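Raw target05.txt, compact mmCIF, N, CA and C atoms:
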```txt
# COMPACT_ATOMS: atom_id res chain seq x y z
N MET B 20 47.58 42.34 93.18
CA MET B 20 47.52 42.55 94.61
C MET B 20 48.67 41.81 95.26
N LYS B 21 49.27 42.43 96.26
CA LYS B 21 50.38 41.83 96.98
C LYS B 21 49.97 41.56 98.42
N LEU B 22 50.19 40.33 98.85
CA LEU B 22 49.86 39.89 100.19
C LEU B 22 51.12 39.36 100.86
N VAL B 23 51.37 39.79 102.10
CA VAL B 23 52.53 39.32 102.86
C VAL B 23 52.03 38.71 104.17
N SER B 24 52.59 37.57 104.53
CA SER B 24 52.26 36.91 105.79
C SER B 24 53.57 36.63 106.52
N TRP B 25 53.61 36.99 107.81
CA TRP B 25 54.86 36.87 108.57
C TRP B 25 54.59 36.36 109.98
N ASN B 26 55.27 35.30 110.37
CA ASN B 26 55.26 34.83 111.75
C ASN B 26 56.42 35.52 112.44
N CYS B 27 56.12 36.64 113.10
CA CYS B 27 57.18 37.51 113.63
C CYS B 27 57.72 37.06 114.98
N ARG B 28 56.99 36.18 115.66
CA ARG B 28 57.38 35.69 116.99
C ARG B 28 57.65 36.82 117.99
N GLY B 29 56.77 37.79 117.96
CA GLY B 29 56.82 38.86 118.96
C GLY B 29 57.05 40.23 118.37
N MET B 30 56.17 41.18 118.73
CA MET B 30 56.29 42.57 118.28
C MET B 30 56.75 43.49 119.41
N GLY B 31 57.16 42.93 120.52
CA GLY B 31 57.51 43.73 121.68
C GLY B 31 58.81 44.49 121.56
N HIS B 32 59.68 44.09 120.67
CA HIS B 32 60.98 44.74 120.51
C HIS B 32 60.92 45.74 119.36
N SER B 33 61.58 46.87 119.51
CA SER B 33 61.53 47.92 118.48
C SER B 33 62.07 47.44 117.13
N SER B 34 62.96 46.46 117.13
CA SER B 34 63.50 45.96 115.85
C SER B 34 62.40 45.30 115.02
N LYS B 35 61.42 44.68 115.67
CA LYS B 35 60.31 44.06 114.94
C LYS B 35 59.41 45.12 114.32
N LEU B 36 59.15 46.18 115.07
CA LEU B 36 58.34 47.28 114.52
C LEU B 36 59.07 47.91 113.33
N ASN B 37 60.37 48.08 113.45
CA ASN B 37 61.14 48.62 112.33
C ASN B 37 61.10 47.69 111.13
N ALA B 38 61.13 46.39 111.38
CA ALA B 38 61.05 45.41 110.28
C ALA B 38 59.69 45.51 109.58
N VAL B 39 58.61 45.66 110.36
CA VAL B 39 57.27 45.82 109.77
C VAL B 39 57.23 47.07 108.91
N LYS B 40 57.74 48.18 109.43
CA LYS B 40 57.75 49.43 108.67
C LYS B 40 58.57 49.28 107.39
N ASP B 41 59.70 48.58 107.47
CA ASP B 41 60.54 48.36 106.29
C ASP B 41 59.80 47.54 105.24
N ILE B 42 59.14 46.47 105.67
CA ILE B 42 58.38 45.63 104.74
C ILE B 42 57.28 46.43 104.07
N LEU B 43 56.57 47.23 104.86
CA LEU B 43 55.47 48.02 104.31
C LEU B 43 55.96 49.10 103.35
N SER B 44 57.09 49.72 103.67
CA SER B 44 57.57 50.79 102.79
C SER B 44 58.26 50.26 101.53
N THR B 45 58.93 49.12 101.62
CA THR B 45 59.63 48.60 100.44
C THR B 45 58.73 47.72 99.57
N GLU B 46 57.97 46.84 100.19
CA GLU B 46 57.11 45.92 99.44
C GLU B 46 55.74 46.50 99.10
N LYS B 47 55.27 47.42 99.93
CA LYS B 47 53.95 48.04 99.75
C LYS B 47 52.83 47.03 99.52
N PRO B 48 52.71 46.05 100.43
CA PRO B 48 51.65 45.05 100.24
C PRO B 48 50.27 45.68 100.43
N ASN B 49 49.29 45.15 99.71
CA ASN B 49 47.91 45.58 99.93
C ASN B 49 47.41 45.07 101.28
N ILE B 50 47.84 43.85 101.62
CA ILE B 50 47.43 43.22 102.88
C ILE B 50 48.66 42.58 103.51
N PHE B 51 48.79 42.76 104.82
CA PHE B 51 49.92 42.22 105.58
C PHE B 51 49.35 41.51 106.80
N MET B 52 49.63 40.22 106.91
CA MET B 52 49.14 39.43 108.05
C MET B 52 50.32 39.07 108.94
N ILE B 53 50.16 39.31 110.24
CA ILE B 53 51.22 39.04 111.20
C ILE B 53 50.71 37.99 112.19
N HIS B 54 51.57 37.02 112.48
CA HIS B 54 51.24 35.94 113.41
C HIS B 54 52.19 36.00 114.60
N GLU B 55 51.70 35.55 115.75
CA GLU B 55 52.48 35.50 116.99
C GLU B 55 53.00 36.88 117.38
N THR B 56 52.11 37.87 117.43
CA THR B 56 52.54 39.22 117.80
C THR B 56 53.02 39.28 119.25
N LYS B 57 52.47 38.43 120.10
CA LYS B 57 52.81 38.32 121.52
C LYS B 57 52.59 39.61 122.32
N ILE B 58 51.85 40.54 121.74
CA ILE B 58 51.44 41.73 122.50
C ILE B 58 49.92 41.81 122.43
N ASN B 59 49.34 42.50 123.40
CA ASN B 59 47.88 42.51 123.45
C ASN B 59 47.26 43.36 122.34
N GLU B 60 45.97 43.21 122.19
CA GLU B 60 45.22 43.86 121.11
C GLU B 60 45.34 45.38 121.18
N TYR B 61 45.30 45.94 122.36
CA TYR B 61 45.41 47.38 122.54
C TYR B 61 46.78 47.89 122.06
N GLU B 62 47.85 47.23 122.48
CA GLU B 62 49.20 47.63 122.07
C GLU B 62 49.38 47.47 120.56
N MET B 63 48.85 46.39 119.99
CA MET B 63 48.95 46.20 118.55
C MET B 63 48.17 47.29 117.82
N GLY B 64 47.04 47.68 118.36
CA GLY B 64 46.26 48.78 117.78
C GLY B 64 47.05 50.08 117.76
N LYS B 65 47.79 50.36 118.82
CA LYS B 65 48.62 51.57 118.85
C LYS B 65 49.70 51.51 117.78
N ILE B 66 50.28 50.34 117.57
CA ILE B 66 51.30 50.17 116.52
C ILE B 66 50.69 50.39 115.15
N ILE B 67 49.52 49.80 114.90
CA ILE B 67 48.86 49.95 113.60
C ILE B 67 48.62 51.42 113.28
N HIS B 68 48.16 52.18 114.26
CA HIS B 68 47.84 53.59 114.01
C HIS B 68 49.08 54.44 113.79
N LYS B 69 50.25 53.95 114.14
CA LYS B 69 51.50 54.66 113.88
C LYS B 69 52.01 54.41 112.46
N ILE B 70 51.50 53.39 111.80
CA ILE B 70 51.98 53.02 110.47
C ILE B 70 51.23 53.85 109.43
N ARG B 71 51.95 54.65 108.73
CA ARG B 71 51.37 55.56 107.75
C ARG B 71 50.72 54.80 106.59
N ASN B 72 49.54 55.24 106.19
CA ASN B 72 48.78 54.71 105.04
C ASN B 72 48.22 53.31 105.26
N TYR B 73 48.26 52.80 106.47
CA TYR B 73 47.73 51.46 106.73
C TYR B 73 46.74 51.51 107.89
N ASP B 74 45.82 50.56 107.87
CA ASP B 74 44.88 50.36 108.96
C ASP B 74 44.84 48.87 109.24
N GLY B 75 44.24 48.46 110.33
CA GLY B 75 44.20 47.03 110.60
C GLY B 75 43.43 46.67 111.85
N ILE B 76 43.36 45.36 112.07
CA ILE B 76 42.69 44.83 113.25
C ILE B 76 43.57 43.72 113.83
N ALA B 77 43.42 43.53 115.13
CA ALA B 77 44.21 42.51 115.83
C ALA B 77 43.28 41.61 116.62
N LEU B 78 43.73 40.42 116.88
CA LEU B 78 43.00 39.45 117.69
C LEU B 78 43.88 39.05 118.85
N GLN B 79 43.34 39.19 120.04
CA GLN B 79 44.05 38.78 121.25
C GLN B 79 43.34 37.58 121.83
N GLU B 80 43.99 36.49 121.84
CA GLU B 80 43.44 35.28 122.44
C GLU B 80 44.26 34.93 123.67
N THR B 81 43.80 33.97 124.42
CA THR B 81 44.59 33.51 125.55
C THR B 81 45.87 32.89 125.02
N GLY B 82 46.94 33.16 125.68
CA GLY B 82 48.23 32.67 125.22
C GLY B 82 48.83 33.65 124.24
N ALA B 83 50.01 34.13 124.52
CA ALA B 83 50.63 35.18 123.71
C ALA B 83 50.88 34.75 122.28
N SER B 84 51.15 33.47 122.05
CA SER B 84 51.51 33.05 120.70
C SER B 84 50.33 33.09 119.74
N ARG B 85 49.11 33.10 120.25
CA ARG B 85 47.94 33.07 119.37
C ARG B 85 47.46 34.46 118.96
N ARG B 86 48.24 35.46 119.16
CA ARG B 86 47.83 36.82 118.80
C ARG B 86 48.21 37.10 117.36
N ILE B 87 47.22 37.57 116.59
CA ILE B 87 47.43 37.81 115.16
C ILE B 87 46.89 39.19 114.78
N CYS B 88 47.30 39.64 113.60
CA CYS B 88 46.91 40.97 113.14
C CYS B 88 46.82 40.97 111.62
N THR B 89 45.83 41.68 111.08
CA THR B 89 45.70 41.88 109.64
C THR B 89 45.73 43.38 109.37
N ILE B 90 46.61 43.79 108.46
CA ILE B 90 46.80 45.20 108.12
C ILE B 90 46.56 45.37 106.62
N TRP B 91 45.94 46.48 106.23
CA TRP B 91 45.69 46.74 104.81
C TRP B 91 45.96 48.20 104.49
N ARG B 92 46.22 48.45 103.20
CA ARG B 92 46.46 49.82 102.73
C ARG B 92 45.14 50.57 102.69
N LYS B 93 45.03 51.60 103.51
CA LYS B 93 43.76 52.32 103.58
C LYS B 93 43.55 53.27 102.41
N ASP B 94 44.58 53.54 101.61
CA ASP B 94 44.38 54.37 100.43
C ASP B 94 43.75 53.58 99.28
N ILE B 95 43.79 52.24 99.37
CA ILE B 95 43.25 51.38 98.33
C ILE B 95 41.96 50.69 98.76
N ARG B 96 41.91 50.26 100.02
CA ARG B 96 40.78 49.46 100.49
C ARG B 96 40.18 50.02 101.78
N TRP B 97 38.91 49.76 101.97
CA TRP B 97 38.26 50.11 103.22
C TRP B 97 37.59 48.88 103.81
N LEU B 98 37.50 48.86 105.12
CA LEU B 98 36.95 47.72 105.86
C LEU B 98 35.44 47.73 105.74
N GLN B 99 34.91 46.63 105.24
CA GLN B 99 33.46 46.48 105.16
C GLN B 99 32.93 45.69 106.35
N HIS B 100 33.65 44.63 106.72
CA HIS B 100 33.18 43.75 107.79
C HIS B 100 34.37 42.99 108.37
N GLN B 101 34.31 42.73 109.64
CA GLN B 101 35.32 41.89 110.27
C GLN B 101 34.63 40.90 111.20
N GLN B 102 35.28 39.77 111.38
CA GLN B 102 34.77 38.76 112.29
C GLN B 102 35.97 38.08 112.93
N LYS B 103 35.89 37.89 114.24
CA LYS B 103 37.00 37.27 114.96
C LYS B 103 36.52 35.99 115.62
N TYR B 104 37.39 35.02 115.63
CA TYR B 104 37.14 33.77 116.32
C TYR B 104 38.43 33.41 117.05
N GLN B 105 38.41 32.39 117.82
CA GLN B 105 39.54 32.03 118.67
C GLN B 105 40.88 31.94 117.92
N HIS B 106 40.88 31.43 116.69
CA HIS B 106 42.13 31.20 115.97
C HIS B 106 42.23 31.96 114.65
N TRP B 107 41.28 32.84 114.36
CA TRP B 107 41.34 33.52 113.07
C TRP B 107 40.60 34.85 113.08
N ILE B 108 40.96 35.66 112.07
CA ILE B 108 40.27 36.92 111.78
C ILE B 108 39.80 36.85 110.33
N LYS B 109 38.54 37.13 110.12
CA LYS B 109 38.00 37.26 108.76
C LYS B 109 37.85 38.76 108.49
N THR B 110 38.44 39.22 107.40
CA THR B 110 38.39 40.63 107.06
C THR B 110 37.83 40.77 105.65
N GLU B 111 36.72 41.50 105.52
CA GLU B 111 36.15 41.79 104.20
C GLU B 111 36.50 43.23 103.87
N LEU B 112 37.20 43.40 102.76
CA LEU B 112 37.65 44.71 102.33
C LEU B 112 37.06 45.04 100.96
N ARG B 113 36.82 46.31 100.72
CA ARG B 113 36.33 46.79 99.42
C ARG B 113 37.38 47.70 98.80
N ASN B 114 37.54 47.57 97.50
CA ASN B 114 38.43 48.44 96.75
C ASN B 114 37.75 49.80 96.64
N LYS B 115 38.49 50.87 96.90
CA LYS B 115 37.91 52.22 96.87
C LYS B 115 37.57 52.70 95.47
N VAL B 116 38.18 52.11 94.46
CA VAL B 116 37.94 52.56 93.09
C VAL B 116 36.80 51.79 92.43
N ASN B 117 36.88 50.46 92.42
CA ASN B 117 35.90 49.67 91.68
C ASN B 117 34.95 48.86 92.56
N GLU B 118 35.00 49.07 93.87
CA GLU B 118 34.11 48.39 94.82
C GLU B 118 34.31 46.87 94.88
N GLU B 119 35.34 46.37 94.24
CA GLU B 119 35.62 44.92 94.29
C GLU B 119 35.83 44.49 95.75
N LYS B 120 35.21 43.38 96.10
CA LYS B 120 35.29 42.86 97.48
C LYS B 120 36.34 41.74 97.55
N ILE B 121 37.09 41.75 98.62
CA ILE B 121 38.02 40.66 98.89
C ILE B 121 37.82 40.23 100.35
N CYS B 122 37.87 38.94 100.54
CA CYS B 122 37.71 38.38 101.88
C CYS B 122 38.99 37.63 102.23
N VAL B 123 39.60 37.99 103.36
CA VAL B 123 40.87 37.40 103.78
C VAL B 123 40.69 36.75 105.14
N PHE B 124 41.14 35.51 105.25
CA PHE B 124 41.18 34.83 106.54
C PHE B 124 42.62 34.78 107.00
N ASN B 125 42.89 35.32 108.17
CA ASN B 125 44.21 35.25 108.79
C ASN B 125 44.07 34.22 109.91
N ILE B 126 44.73 33.08 109.74
CA ILE B 126 44.55 31.95 110.65
C ILE B 126 45.87 31.62 111.33
N TYR B 127 45.81 31.44 112.64
CA TYR B 127 46.96 30.92 113.35
C TYR B 127 46.47 29.85 114.32
N ALA B 128 46.65 28.62 113.95
CA ALA B 128 46.21 27.50 114.77
C ALA B 128 47.35 26.48 114.82
N PRO B 129 48.23 26.60 115.81
CA PRO B 129 49.37 25.69 115.89
C PRO B 129 48.92 24.23 115.87
N ASN B 130 49.74 23.38 115.27
CA ASN B 130 49.36 21.98 115.10
C ASN B 130 49.48 21.15 116.37
N HIS B 131 50.00 21.70 117.44
CA HIS B 131 50.12 20.92 118.67
C HIS B 131 48.87 20.97 119.55
N TYR B 132 47.85 21.68 119.12
CA TYR B 132 46.61 21.73 119.89
C TYR B 132 45.98 20.34 119.96
N ARG B 133 45.26 20.17 121.03
CA ARG B 133 44.52 18.92 121.16
C ARG B 133 43.55 18.78 119.98
N GLU B 134 43.25 17.58 119.63
CA GLU B 134 42.38 17.29 118.48
C GLU B 134 41.06 18.06 118.57
N ARG B 135 40.48 18.16 119.75
CA ARG B 135 39.19 18.84 119.91
C ARG B 135 39.30 20.32 119.53
N GLU B 136 40.35 21.00 119.96
CA GLU B 136 40.54 22.42 119.61
C GLU B 136 40.74 22.60 118.12
N ARG B 137 41.51 21.71 117.53
CA ARG B 137 41.74 21.78 116.09
C ARG B 137 40.42 21.61 115.33
N GLN B 138 39.62 20.66 115.78
CA GLN B 138 38.33 20.41 115.14
C GLN B 138 37.40 21.61 115.29
N LEU B 139 37.39 22.24 116.47
CA LEU B 139 36.56 23.43 116.67
C LEU B 139 36.97 24.56 115.73
N CYS B 140 38.27 24.74 115.55
CA CYS B 140 38.77 25.77 114.65
C CYS B 140 38.29 25.53 113.23
N TRP B 141 38.50 24.34 112.72
CA TRP B 141 38.10 24.04 111.34
C TRP B 141 36.60 24.03 111.17
N ASN B 142 35.86 23.60 112.17
CA ASN B 142 34.40 23.64 112.08
C ASN B 142 33.90 25.09 112.02
N SER B 143 34.53 25.98 112.78
CA SER B 143 34.12 27.39 112.76
C SER B 143 34.38 27.99 111.37
N LEU B 144 35.50 27.65 110.77
CA LEU B 144 35.80 28.13 109.42
C LEU B 144 34.80 27.57 108.39
N LYS B 145 34.52 26.29 108.53
CA LYS B 145 33.57 25.65 107.61
C LYS B 145 32.20 26.32 107.72
N ASP B 146 31.74 26.58 108.94
CA ASP B 146 30.44 27.23 109.14
C ASP B 146 30.39 28.60 108.47
N ILE B 147 31.45 29.38 108.63
CA ILE B 147 31.50 30.72 108.03
C ILE B 147 31.46 30.60 106.51
N LEU B 148 32.25 29.70 105.95
CA LEU B 148 32.32 29.58 104.50
C LEU B 148 31.01 29.06 103.90
N LEU B 149 30.33 28.20 104.61
CA LEU B 149 29.07 27.66 104.10
C LEU B 149 27.92 28.66 104.17
N HIS B 150 28.02 29.61 105.09
CA HIS B 150 26.91 30.58 105.28
C HIS B 150 27.18 31.92 104.64
N ASP B 151 28.27 32.08 103.96
CA ASP B 151 28.56 33.36 103.26
C ASP B 151 28.01 33.35 101.86
```
Rewritten as structure tokens:
Amino acid sequence: MKLVSWNCRGMGHSSKLNAVKDILSTEKPNIFMIHETKINEYEMGKIIHKIRNYDGIALQETGASRRICTIWRKDIRWLQHQQKYQHWIKTELRNKVNEEKICVFNIYAPNHYRERERQLCWNSLKDILLHD
């Protein structure tokens, strides 16, 4: 399985969309995580649906830099469950052939946040992992 993670620092320019398409067509990752999309969830959804053979989900939080997206190859995997929190997306995917489950956390929590916000982020992750 191939996983790609990219801090793109904004998807608003056409060159970034072209870069995403290039990465997907040349590398063909099973899962592609994008950080700092700087566009809203609706706009990111429109971009995802334009990308052939891929599907995905986006998280829009307050502040443009905290916007993230997880994309997967829909010919290989299907979405079983998703969960969003302030700083992360949890995506549970199933393999279409052997039903193998994979769980991916796409996290973007800049280190300059106040200690309380950082603690809330990690506590939320800990709670999810302990109850799964």
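Among the candidate residues B:Ser33, B:Ala77, B:Glu62, B:His68, the one lying nearest to Lys103 in chain B is B:Ala77, with distances computed using all atoms listed in the file.
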**Members of range 101-145 of chain B assigned strand (DSSP E) by DSSP, as number ranges by chain** = B: 101-104, 107-114, 120-126
**Fill in**
Closest of B:Gln79, B:Phe51, B:Asn37, B:Ser44 to Trp25 in chain B, counting all atoms listed in the file, is B:Phe51
**Request:** Using only N, CA and C atoms, determine which residues lie at most 5 Å from range 110-122 of chain B, disregarding the query and same-chain residues fewer than 2 positions distant; provide the list as a ChimeraX atom specification.
**Result:** /B:95-101,108,124
**Backbone DSSP call of helix (DSSP H, G or I) for chain B, listed as a PyMOL selection string** = chain B and resi 33-46+60-69+83-85+134-150
Store the residues picked out above in a file with N, CA and C atoms, as a short mmCIF file (atom, residue, chain, number, x, y, z; two decimals), in the frame of the given file.
```
data_model
loop_
_atom_site.label_atom_id
_atom_site.label_comp_id
_atom_site.auth_asym_id
_atom_site.auth_seq_id
_atom_site.Cartn_x
_atom_site.Cartn_y
_atom_site.Cartn_z
N SER B 33 61.58 46.87 119.51
CA SER B 33 61.53 47.92 118.48
C SER B 33 62.07 47.44 117.13
N SER B 34 62.96 46.46 117.13
CA SER B 34 63.50 45.96 115.85
C SER B 34 62.40 45.30 115.02
N LYS B 35 61.42 44.68 115.67
CA LYS B 35 60.31 44.06 114.94
C LYS B 35 59.41 45.12 114.32
N LEU B 36 59.15 46.18 115.07
CA LEU B 36 58.34 47.28 114.52
C LEU B 36 59.07 47.91 113.33
N ASN B 37 60.37 48.08 113.45
CA ASN B 37 61.14 48.62 112.33
C ASN B 37 61.10 47.69 111.13
N ALA B 38 61.13 46.39 111.38
CA ALA B 38 61.05 45.41 110.28
C ALA B 38 59.69 45.51 109.58
N VAL B 39 58.61 45.66 110.36
CA VAL B 39 57.27 45.82 109.77
C VAL B 39 57.23 47.07 108.91
N LYS B 40 57.74 48.18 109.43
CA LYS B 40 57.75 49.43 108.67
C LYS B 40 58.57 49.28 107.39
N ASP B 41 59.70 48.58 107.47
CA ASP B 41 60.54 48.36 106.29
C ASP B 41 59.80 47.54 105.24
N ILE B 42 59.14 46.47 105.67
CA ILE B 42 58.38 45.63 104.74
C ILE B 42 57.28 46.43 104.07
N LEU B 43 56.57 47.23 104.86
CA LEU B 43 55.47 48.02 104.31
C LEU B 43 55.96 49.10 103.35
N SER B 44 57.09 49.72 103.67
CA SER B 44 57.57 50.79 102.79
C SER B 44 58.26 50.26 101.53
N THR B 45 58.93 49.12 101.62
CA THR B 45 59.63 48.60 100.44
C THR B 45 58.73 47.72 99.57
N GLU B 46 57.97 46.84 100.19
CA GLU B 46 57.11 45.92 99.44
C GLU B 46 55.74 46.50 99.10
N GLU B 60 45.97 43.21 122.19
CA GLU B 60 45.22 43.86 121.11
C GLU B 60 45.34 45.38 121.18
N TYR B 61 45.30 45.94 122.36
CA TYR B 61 45.41 47.38 122.54
C TYR B 61 46.78 47.89 122.06
N GLU B 62 47.85 47.23 122.48
CA GLU B 62 49.20 47.63 122.07
C GLU B 62 49.38 47.47 120.56
N MET B 63 48.85 46.39 119.99
CA MET B 63 48.95 46.20 118.55
C MET B 63 48.17 47.29 117.82
N GLY B 64 47.04 47.68 118.36
CA GLY B 64 46.26 48.78 117.78
C GLY B 64 47.05 50.08 117.76
N LYS B 65 47.79 50.36 118.82
CA LYS B 65 48.62 51.57 118.85
C LYS B 65 49.70 51.51 117.78
N ILE B 66 50.28 50.34 117.57
CA ILE B 66 51.30 50.17 116.52
C ILE B 66 50.69 50.39 115.15
N ILE B 67 49.52 49.80 114.90
CA ILE B 67 48.86 49.95 113.60
C ILE B 67 48.62 51.42 113.28
N HIS B 68 48.16 52.18 114.26
CA HIS B 68 47.84 53.59 114.01
C HIS B 68 49.08 54.44 113.79
N LYS B 69 50.25 53.95 114.14
CA LYS B 69 51.50 54.66 113.88
C LYS B 69 52.01 54.41 112.46
N ALA B 83 50.01 34.13 124.52
CA ALA B 83 50.63 35.18 123.71
C ALA B 83 50.88 34.75 122.28
N SER B 84 51.15 33.47 122.05
CA SER B 84 51.51 33.05 120.70
C SER B 84 50.33 33.09 119.74
N ARG B 85 49.11 33.10 120.25
CA ARG B 85 47.94 33.07 119.37
C ARG B 85 47.46 34.46 118.96
N GLU B 134 43.25 17.58 119.63
CA GLU B 134 42.38 17.29 118.48
C GLU B 134 41.06 18.06 118.57
N ARG B 135 40.48 18.16 119.75
CA ARG B 135 39.19 18.84 119.91
C ARG B 135 39.30 20.32 119.53
N GLU B 136 40.35 21.00 119.96
CA GLU B 136 40.54 22.42 119.61
C GLU B 136 40.74 22.60 118.12
N ARG B 137 41.51 21.71 117.53
CA ARG B 137 41.74 21.78 116.09
C ARG B 137 40.42 21.61 115.33
N GLN B 138 39.62 20.66 115.78
CA GLN B 138 38.33 20.41 115.14
C GLN B 138 37.40 21.61 115.29
N LEU B 139 37.39 22.24 116.47
CA LEU B 139 36.56 23.43 116.67
C LEU B 139 36.97 24.56 115.73
N CYS B 140 38.27 24.74 115.55
CA CYS B 140 38.77 25.77 114.65
C CYS B 140 38.29 25.53 113.23
N TRP B 141 38.50 24.34 112.72
CA TRP B 141 38.10 24.04 111.34
C TRP B 141 36.60 24.03 111.17
N ASN B 142 35.86 23.60 112.17
CA ASN B 142 34.40 23.64 112.08
C ASN B 142 33.90 25.09 112.02
N SER B 143 34.53 25.98 112.78
CA SER B 143 34.12 27.39 112.76
C SER B 143 34.38 27.99 111.37
N LEU B 144 35.50 27.65 110.77
CA LEU B 144 35.80 28.13 109.42
C LEU B 144 34.80 27.57 108.39
N LYS B 145 34.52 26.29 108.53
CA LYS B 145 33.57 25.65 107.61
C LYS B 145 32.20 26.32 107.72
N ASP B 146 31.74 26.58 108.94
CA ASP B 146 30.44 27.23 109.14
C ASP B 146 30.39 28.60 108.47
N ILE B 147 31.45 29.38 108.63
CA ILE B 147 31.50 30.72 108.03
C ILE B 147 31.46 30.60 106.51
N LEU B 148 32.25 29.70 105.95
CA LEU B 148 32.32 29.58 104.50
C LEU B 148 31.01 29.06 103.90
N LEU B 149 30.33 28.20 104.61
CA LEU B 149 29.07 27.66 104.10
C LEU B 149 27.92 28.66 104.17
N HIS B 150 28.02 29.61 105.09
CA HIS B 150 26.91 30.58 105.28
C HIS B 150 27.18 31.92 104.64
#
```
Write out as a tab-separated table a residue-level contact list of range 87-106 of chain B versus range 133-151 of chain B with cut-off 8 Å: for each qualifying residue the closest pair of atoms and the distance in Å to one decimal, counting all atoms listed in the file, rows sorted by chain and residue number upward.
```
residue	atom	partner	partner_atom	distance
B:Tyr104	CA	B:Ser143	CA	7.9
B:Gln105	C	B:Cys140	CA	7.3
B:His106	N	B:Cys140	CA	6.4
```
**Request:** Between B:Asp94, B:Asp74, B:Glu60, B:Glu55, single out the one closest to Met30 in chain B, counting only N, CA and C atoms.
**Result:** B:Glu55
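Taking atom N of Asn59 in chain B and atom N of Ile87 in chain B as the two end points, the separation is 8.7 Å.
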**Message:** Quick check, in Å to one decimal: how far apart do CA of Thr89 in chain B and CA of Ile126 in chain B lie?
**Reply:**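 So the answer is 10.0 Å.
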**Request:** Pick out the closest residue to Leu22 in chain B from this set: B:Lys69, B:Lys40, B:Arg92, B:Lys57. Count only C-alpha atoms.
**Result:**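 Nearest candidate to Leu22 in chain B out of B:Lys69, B:Lys40, B:Arg92, B:Lys57: B:Arg92.
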**Request:** Using only N, CA and C atoms, determine which residues lie at most 7 Å from Asn49 in chain B, disregarding the query and same-chain residues fewer than 3 positions distant; provide the list as an MDAnalysis selection string.
**Result:** chainID B and resid 20:23 46 90:92
**Å distance separating atom C of His54 in chain B from atom C of Leu78 in chain B, one decimal place** = 9.8 Å
